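The next block holds one structure in the form of structure tokens; read it before the comments.
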Amino acid sequence: MDAELQKFFRGGWIQTPFSVRVLDICKEMNMTHSYIYELWSRHVFPEDLQCLGKGIKYRHNPFTAKADGQALVNMEGRYKVVTFFRAYDEHNRLRPEVICLEVPGDIIKI
């Protein structure tokens with residue numbers, strides 16, 4: 001999984017220096033100190049918590065994802081997180097299918 005933060009600027013989306021790469025999302029889903037667990041999989045019903053796959057459905061308790069941080073520069077504005085999920089087959093070869101998820105939002109100074 002690769003995720004990058006993009007900023008809306010002058011009518012288009014530009015990359016920022018902020019990105020995250022997770023090499024094994026299935027492993028991270030169960031690690032209580034990982035970002036994946038903290039942001040998402042801790043809310044999934046325990047009986048539904050399994051690795052991503054075709055036809056897998058997840059039920060979770062309602063939750064709000066909230067991120068707080070500090071920056072040395074003003075980051076207010078319209079942003080989106082673009083996440084790409086890529087899978088490998090049983091021979092560790094990259095599969096051609098890619099899942100893309102975009103989550104828009106606004107960064108405000110509090």
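Labels for the structure tokens follow display order: chains A, B, ..., residues from 1 in each chain, ligands from 1.
Of all the residues in chain A, the ones DSSP labels as helix (DSSP H, G or I) from the backbone are Ile25, Cys26, Lys27, Glu28, Tyr35, Ile36, Tyr37, Glu38, Leu39, Ser41, Arg42, His43, Pro46, Glu47 and Asp48 of chain A.
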Hey, what's within 10 Å of Tyr37 of chain A if we count only C-alpha atoms and toss same-chain stuff fewer than 6 positions away? As a PyMOL selection string, please?
chain A and resi 25+27-31+43-44
Let's have the selection written as a PDB file, in the first residue's frame, with C-alpha atoms.
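Once written, result15.pdb looks like this:
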```
ATOM      1  CA  ILE A  25      -0.869  -4.534   5.060  1.00  0.00           C
ATOM      2  CA  LYS A  27       0.552  -8.041   8.916  1.00  0.00           C
ATOM      3  CA  GLU A  28       0.014  -4.391   9.898  1.00  0.00           C
ATOM      4  CA  MET A  29      -3.745  -4.901  10.357  1.00  0.00           C
ATOM      5  CA  ASN A  30      -3.109  -6.938  13.516  1.00  0.00           C
ATOM      6  CA  MET A  31      -0.128  -5.044  14.953  1.00  0.00           C
ATOM      7  CA  HIS A  43     -12.674  -0.781  14.621  1.00  0.00           C
ATOM      8  CA  VAL A  44     -13.349  -3.947  12.587  1.00  0.00           C
TER       9      VAL A  44
END
```
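Ranking A:Lys7, A:Lys80, A:Arg59, A:Arg42 by their shortest atom-to-atom distance to Val103 of chain A, with only C-alpha atoms included, puts A:Lys80 first.
For the choices A:Pro104, A:Gly53, A:Leu72, A:Ala67, the atom-to-atom distance to Arg86 of chain A is smallest for A:Gly53 when using only C-alpha atoms.
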Quick one: pick out all strand (DSSP E or B) residues within segment 37-92 of chain A from a backbone DSSP run and write them as a PyMOL selection string.
chain A and resi 44+60+77-88
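The smallest atom-to-atom distance between Thr64 of chain A and any of A:Val22, A:Glu38, A:Lys109, A:Arg93, using only C-alpha atoms, is found for A:Glu38.
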Do a neighbour search on Leu5 of chain A at 8 Å with only C-alpha atoms, toss out local chain neighbours closer than 2 positions, and write the hits as a PyMOL selection string.
chain A and resi 3+7+15-19+79-82
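Comparing A:Leu39, A:Phe63, A:Val73, A:Cys26 by their smallest distance to Cys51 of chain A, the closest is A:Cys26 (using only C-alpha atoms).
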Need the shell around Asp2 of chain A: protein/DNA/RNA residues with any atom at most 7 Å away, counting only C-alpha atoms. Skip same-chain ones fewer than 6 positions apart. Format as a PyMOL selection string?
chain A and resi 20-22+83-85
Writing out the chosen residues with N, CA and C atoms as a short mmCIF file (atom, residue, chain, number, x, y, z; two decimals), in the first residue's frame:
```
data_model
loop_
_atom_site.label_atom_id
_atom_site.label_comp_id
_atom_site.auth_asym_id
_atom_site.auth_seq_id
_atom_site.Cartn_x
_atom_site.Cartn_y
_atom_site.Cartn_z
N VAL A 20 3.41 7.58 2.65
CA VAL A 20 3.59 6.41 3.52
C VAL A 20 3.57 5.17 2.65
N ARG A 21 4.43 4.21 2.95
CA ARG A 21 4.44 2.92 2.26
C ARG A 21 4.35 1.81 3.31
N VAL A 22 3.40 0.92 3.11
CA VAL A 22 3.23 -0.24 3.98
C VAL A 22 3.50 -1.46 3.12
N THR A 83 -4.51 6.68 -2.04
CA THR A 83 -3.96 5.40 -1.58
C THR A 83 -4.06 4.37 -2.70
N PHE A 84 -2.96 3.68 -2.95
CA PHE A 84 -2.90 2.61 -3.95
C PHE A 84 -2.63 1.29 -3.24
N PHE A 85 -3.47 0.31 -3.53
CA PHE A 85 -3.28 -1.04 -3.01
C PHE A 85 -2.84 -1.93 -4.16
#
```
One decimal place gives the atom CA of Leu101 of chain A-atom CA of Asp24 of chain A separation as 17.5 Å
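Minimum atom-to-atom distance to Asp106 of chain A, evaluated using only C-alpha atoms, belongs to A:Gln6 out of A:Pro62, A:Ile56, A:Leu23, A:Gln6.
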Fewer than 4 positions away in the same chain doesn't count, so skip those; otherwise give me all residues within 9 Å of Gly77 of chain A, counting only C-alpha atoms, as a PyMOL selection string.
chain A and resi 7-9+105-108
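Distances to Ile14 of chain A were evaluated for A:Pro96, A:Arg78, A:Glu90, A:Glu47 using only C-alpha atoms, and the minimum falls at A:Arg78.
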